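As structure tokens, the structure follows; a few thoughts come after it.
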Amino acid sequence: RNISNDHPKLKIIIHPMFPDLCNISRSLNKSARAKLLNTVKPLESGEAYREVNMKKIWHPNWKGSVDDEVNVAFIQEVVDLVWDNEKRLREDPNSKSEIQDSDYDHQLITDCTKAYFRNIHKQFLEHHDDEKARKAAERKNQGRRRSRRQTATKARRKAAEVFEKEYGHPGVLGMIDTDFTSDVLSYGSDADLTEDTLKRRRGADVGKGAFMVEGAQWRSTDYVAFLRWLSFKKSKANQGPDEQNEEVPAPKRRKVVEKKAVKSTFDLAPSKMHSGPLLSGKKIVPFRSMVSEKWLKKRPDIALLDGGEWLAGFYGRLKEGDIHKDDARFLKELDEW
């Protein structure tokens, strides 16, 4: 664990000093400054910094350790700046200190500075090693995909709580797991998509930046329909009605206009659903009704829970307007696949 995370106010003071000392402009955003920081190289002379117009421009060696001579000098410069700036604030009666008393400690500031240096050292090695860079990019991509699944799951669980109370079906919340949710995928440009995928995006009437939704072969049509129904219910609840004519005297009965449900994703073809195993990080075992019978025939030994019988036939019971029209079109396609 990075010690800086335990001292957030100290962290936000130390971190910007690294690109500052390397003469990277503050006019750039945080991401751009971080990228440029990774391009800083040590001086051929072996010196820790060079002077330009009476200003020190530091050149730490990110590839080296915190104990390298150049890096020791750089880290000490950061520590001294943090300490001296805070000291001036504390001595000025018209200024307010930025660091908590418990954090205003030489050793703690040094430890936090070294921790951040080690973090940049790790990023530098990953950036300059093709295999490590590939793995780092994959980890970042997987993290983004999981974050999108978590967002969808969180919204569905709220709708599922209402459903469970209203209908009295036990175990509904247990069905809503992040690892059971479709993957929401991004892409670089239209050139990365097949003609079929482009056609599906156009058919869904979403913009060029829309995410692609990749389902899982193991999920039954009824289960997918239930998940889409929950998402639709939650989105409708979030939107609510638009009230009109607010600037004129209100009539006895105010006119309301229901907002149109808008999607920012489109579904890949059922044939492109991933065929991976049924896995849950929380080791949740799904109900049999959640699993496709077609998929299960090839894997009869999979352990499943009995129960959730109410889910059987859920798709067939949906009426027009119960889910988004694009979801209805995809579910029909999935049911026939």
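Residues in the structure tokens are numbered from 1 in each chain, the chains being A, B, ... in the order shown, and ligands are numbered from 1 in the order shown.
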
For this session: Name the residues in contact with Ala152 of chain A at a cut-off of 12 Å, using only C-alpha atoms, excluding same-chain residues fewer than 6 positions from it; report them as a PyMOL selection string.
Result: chain A and resi 145-146+158-159+176-184+213+227-228+230-232+234-235

Can you write out the residues you just picked, keeping C-alpha atoms, as a CSV table (one decimal), in the first residue's frame?
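Contents of result_21.csv, freshly written:
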chain,number,residue,atom,x,y,z
A,145,ARG,CA,-14.4,-2.6,-18.1
A,146,ARG,CA,-15.0,-3.7,-14.5
A,158,LYS,CA,-31.4,-0.5,-6.5
A,159,ALA,CA,-34.2,-1.5,-8.9
A,176,ILE,CA,-27.2,-9.2,-9.6
A,177,ASP,CA,-23.5,-9.7,-9.6
A,178,THR,CA,-20.8,-7.6,-11.3
A,179,ASP,CA,-19.3,-10.7,-12.9
A,180,PHE,CA,-22.7,-11.7,-14.3
A,181,THR,CA,-23.0,-8.3,-16.1
A,182,SER,CA,-22.3,-7.8,-19.8
A,183,ASP,CA,-18.9,-6.3,-20.7
A,184,VAL,CA,-19.1,-2.7,-22.0
A,213,VAL,CA,-22.1,-4.4,-25.2
A,227,LEU,CA,-31.3,-7.3,-16.2
A,228,ARG,CA,-32.4,-5.1,-19.1
A,230,LEU,CA,-34.1,-3.5,-14.2
A,231,SER,CA,-31.8,-1.0,-16.0
A,232,PHE,CA,-34.8,0.4,-17.8
A,234,LYS,CA,-33.9,2.5,-12.9
A,235,SER,CA,-33.2,4.9,-15.8

Exercise. What are the DSSP alpha helix (DSSP H) residues of segment 20-87 of chain A, as a VMD selection string?
Worked result: chain A and resid 20 to 21 30 to 37 69 to 87

For this session: May I have the residues within 12 Å of Thr194 of chain A as JSON, numbers by chain, using only C-alpha atoms and disregarding those fewer than 5 positions away in the same chain?
Result: {"A": [187, 189, 199, 200, 201, 268, 269, 272]}

Based on the selection just made, write C-alpha atoms of those residues as a PDB file, in the first residue's frame.
ATOM      1  CA  TYR A 187     -12.947   1.000 -29.529  1.00  0.00           C
ATOM      2  CA  SER A 189     -12.278   4.273 -34.384  1.00  0.00           C
ATOM      3  CA  LYS A 199     -24.585  -1.617 -39.129  1.00  0.00           C
ATOM      4  CA  ARG A 200     -25.733  -2.606 -35.651  1.00  0.00           C
ATOM      5  CA  ARG A 201     -24.543   0.711 -34.222  1.00  0.00           C
ATOM      6  CA  LEU A 268     -22.934  -6.934 -30.483  1.00  0.00           C
ATOM      7  CA  ALA A 269     -24.482  -9.884 -32.279  1.00  0.00           C
ATOM      8  CA  LYS A 272     -20.074 -12.545 -30.714  1.00  0.00           C
TER       9      LYS A 272
END

Problem set entry | Separation of atom CA of Pro270 of chain A from atom CA of Ala155 of chain A in Å | 24.0 Å

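If you look at atom CA of Lys55 of chain A and atom CA of Lys9 of chain A, they are 27.1 Å away from each other.
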
Problem set entry | Selection: 9 Å around Phe330 of chain A, only C-alpha atoms, excl. self and same-chain fewer than 4 positions, as a VMD selection string | chain A and resid 267 269 to 270 325 to 326 334 to 335

Seminar exercise, completed: Shortest contact to Met273 of chain A, candidates A:Ala216, A:Ala115, A:Ala48, A:Leu81, atoms counted only C-alpha atoms, goes to A:Ala216

Problem set entry | Counting only C-alpha atoms, the residue of A:Ile14, A:Leu89, A:Ile323, A:Leu279 that sits nearest Ile302 of chain A |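 Distance minimum relative to Ile302 of chain A lands on A:Leu279.
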
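Here the question is which of A:Thr113, A:Thr39, A:Asn23, A:Ser275 gets nearest to Lys63 of chain A using only C-alpha atoms, and that residue is A:Thr39.
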
Exercise. By how many Å are atom CA of Tyr167 of chain A and atom CA of Glu336 of chain A apart?
Worked result: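 According to the coordinates, atom CA of Tyr167 of chain A and atom CA of Glu336 of chain A are separated by 28.9 Å.
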
Exercise. DSSP says strand (DSSP E or B) for which residues of segment 90-254 of chain A? Put them as JSON, numbers by chain?
Worked result: {"A": [183, 184, 185, 211, 212, 213, 214, 216, 219, 241, 242, 243]}

For this session: Name all residues at most 12 Å from Phe117 of chain A (count only C-alpha atoms; drop same-chain ones fewer than 3 positions away) and give them as a PyMOL selection string.
Result: chain A and resi 2-4+14-15+17-19+37-38+60-68+71-72+74-76+78+110-114+120-124

Exercise. Do you know which residues are at most 8 Å from segment 102-108 of chain A counting only C-alpha atoms, after dropping those on the same chain fewer than 3 positions away, and could you put them as a PyMOL selection string?
Worked result: chain A and resi 7+10+79+83+99+111-112

Pull all heavy atoms from the residues just selected and write them as a PDB file, in the first residue's frame.
ATOM      1  N   HIS A   7      -2.147   9.889   3.748  1.00  0.00           N
ATOM      2  CA  HIS A   7      -1.908  11.310   4.042  1.00  0.00           C
ATOM      3  C   HIS A   7      -2.278  12.134   2.809  1.00  0.00           C
ATOM      4  O   HIS A   7      -1.404  12.698   2.138  1.00  0.00           O
ATOM      5  CB  HIS A   7      -0.440  11.533   4.433  1.00  0.00           C
ATOM      6  CG  HIS A   7       0.024  10.632   5.537  1.00  0.00           C
ATOM      7  ND1 HIS A   7      -0.182  10.925   6.871  1.00  0.00           N
ATOM      8  CD2 HIS A   7       0.650   9.412   5.503  1.00  0.00           C
ATOM      9  CE1 HIS A   7       0.303   9.948   7.613  1.00  0.00           C
ATOM     10  NE2 HIS A   7       0.819   9.025   6.806  1.00  0.00           N
ATOM     11  N   LEU A  10      -1.006  15.764   2.228  1.00  0.00           N
ATOM     12  CA  LEU A  10       0.425  15.796   1.933  1.00  0.00           C
ATOM     13  C   LEU A  10       0.667  15.326   0.497  1.00  0.00           C
ATOM     14  O   LEU A  10       1.515  15.868  -0.221  1.00  0.00           O
ATOM     15  CB  LEU A  10       1.164  14.895   2.931  1.00  0.00           C
ATOM     16  CG  LEU A  10       2.672  15.077   3.099  1.00  0.00           C
ATOM     17  CD1 LEU A  10       3.029  16.514   3.448  1.00  0.00           C
ATOM     18  CD2 LEU A  10       3.195  14.120   4.174  1.00  0.00           C
ATOM     19  N   VAL A  79      11.472  17.395  -0.520  1.00  0.00           N
ATOM     20  CA  VAL A  79      11.226  17.423   0.927  1.00  0.00           C
ATOM     21  C   VAL A  79      11.487  18.821   1.488  1.00  0.00           C
ATOM     22  O   VAL A  79      10.679  19.361   2.258  1.00  0.00           O
ATOM     23  CB  VAL A  79      12.103  16.376   1.652  1.00  0.00           C
ATOM     24  CG1 VAL A  79      11.973  16.539   3.169  1.00  0.00           C
ATOM     25  CG2 VAL A  79      11.702  14.966   1.232  1.00  0.00           C
ATOM     26  N   TRP A  83       8.711  21.305   3.200  1.00  0.00           N
ATOM     27  CA  TRP A  83       8.942  21.742   4.583  1.00  0.00           C
ATOM     28  C   TRP A  83       9.029  23.275   4.688  1.00  0.00           C
ATOM     29  O   TRP A  83       8.359  23.894   5.528  1.00  0.00           O
ATOM     30  CB  TRP A  83      10.235  21.114   5.115  1.00  0.00           C
ATOM     31  CG  TRP A  83      10.509  21.476   6.544  1.00  0.00           C
ATOM     32  CD1 TRP A  83      11.235  22.543   6.997  1.00  0.00           C
ATOM     33  CD2 TRP A  83      10.027  20.795   7.700  1.00  0.00           C
ATOM     34  NE1 TRP A  83      11.254  22.568   8.374  1.00  0.00           N
ATOM     35  CE2 TRP A  83      10.506  21.500   8.830  1.00  0.00           C
ATOM     36  CE3 TRP A  83       9.247  19.664   7.894  1.00  0.00           C
ATOM     37  CZ2 TRP A  83      10.238  21.110  10.129  1.00  0.00           C
ATOM     38  CZ3 TRP A  83       8.975  19.264   9.196  1.00  0.00           C
ATOM     39  CH2 TRP A  83       9.458  19.976  10.302  1.00  0.00           C
ATOM     40  N   ILE A  99      -0.671  21.828   5.707  1.00  0.00           N
ATOM     41  CA  ILE A  99      -0.384  20.469   6.165  1.00  0.00           C
ATOM     42  C   ILE A  99      -0.815  20.305   7.623  1.00  0.00           C
ATOM     43  O   ILE A  99      -0.573  21.185   8.457  1.00  0.00           O
ATOM     44  CB  ILE A  99       1.132  20.154   6.038  1.00  0.00           C
ATOM     45  CG1 ILE A  99       1.579  20.312   4.573  1.00  0.00           C
ATOM     46  CG2 ILE A  99       1.447  18.753   6.537  1.00  0.00           C
ATOM     47  CD1 ILE A  99       3.075  20.148   4.375  1.00  0.00           C
ATOM     48  N   ASP A 111       9.254   9.892   3.442  1.00  0.00           N
ATOM     49  CA  ASP A 111       8.685   8.579   3.102  1.00  0.00           C
ATOM     50  C   ASP A 111       7.639   8.702   1.997  1.00  0.00           C
ATOM     51  O   ASP A 111       7.589   7.872   1.069  1.00  0.00           O
ATOM     52  CB  ASP A 111       8.058   7.937   4.341  1.00  0.00           C
ATOM     53  CG  ASP A 111       9.099   7.505   5.365  1.00  0.00           C
ATOM     54  OD1 ASP A 111      10.287   7.405   4.992  1.00  0.00           O
ATOM     55  OD2 ASP A 111       8.727   7.281   6.538  1.00  0.00           O
ATOM     56  N   CYS A 112       6.797   9.729   2.084  1.00  0.00           N
ATOM     57  CA  CYS A 112       5.766   9.934   1.066  1.00  0.00           C
ATOM     58  C   CYS A 112       6.386  10.298  -0.285  1.00  0.00           C
ATOM     59  O   CYS A 112       5.915   9.852  -1.339  1.00  0.00           O
ATOM     60  CB  CYS A 112       4.791  11.025   1.504  1.00  0.00           C
ATOM     61  SG  CYS A 112       3.682  10.547   2.858  1.00  0.00           S
TER      62      CYS A 112
END

Name all residues at most 8 Å from Val285 of chain A (count only C-alpha atoms; drop same-chain ones fewer than 3 positions away) and give them as a tab-separated table (two decimals) with N, CA and C atoms, in the first residue's frame.
chain	number	residue	atom	x	y	z
A	280	SER	N	-17.59	-16.09	-10.81
A	280	SER	CA	-17.93	-14.96	-9.95
A	280	SER	C	-16.82	-14.78	-8.94
A	303	ALA	N	-22.34	-26.86	-11.15
A	303	ALA	CA	-23.18	-26.77	-9.95
A	303	ALA	C	-24.03	-25.51	-9.99
A	304	LEU	N	-25.34	-25.66	-9.85
A	304	LEU	CA	-26.27	-24.54	-9.86
A	304	LEU	C	-27.24	-24.68	-8.70
A	305	LEU	N	-27.86	-23.56	-8.35
A	305	LEU	CA	-28.83	-23.56	-7.25
A	305	LEU	C	-30.23	-23.77	-7.77
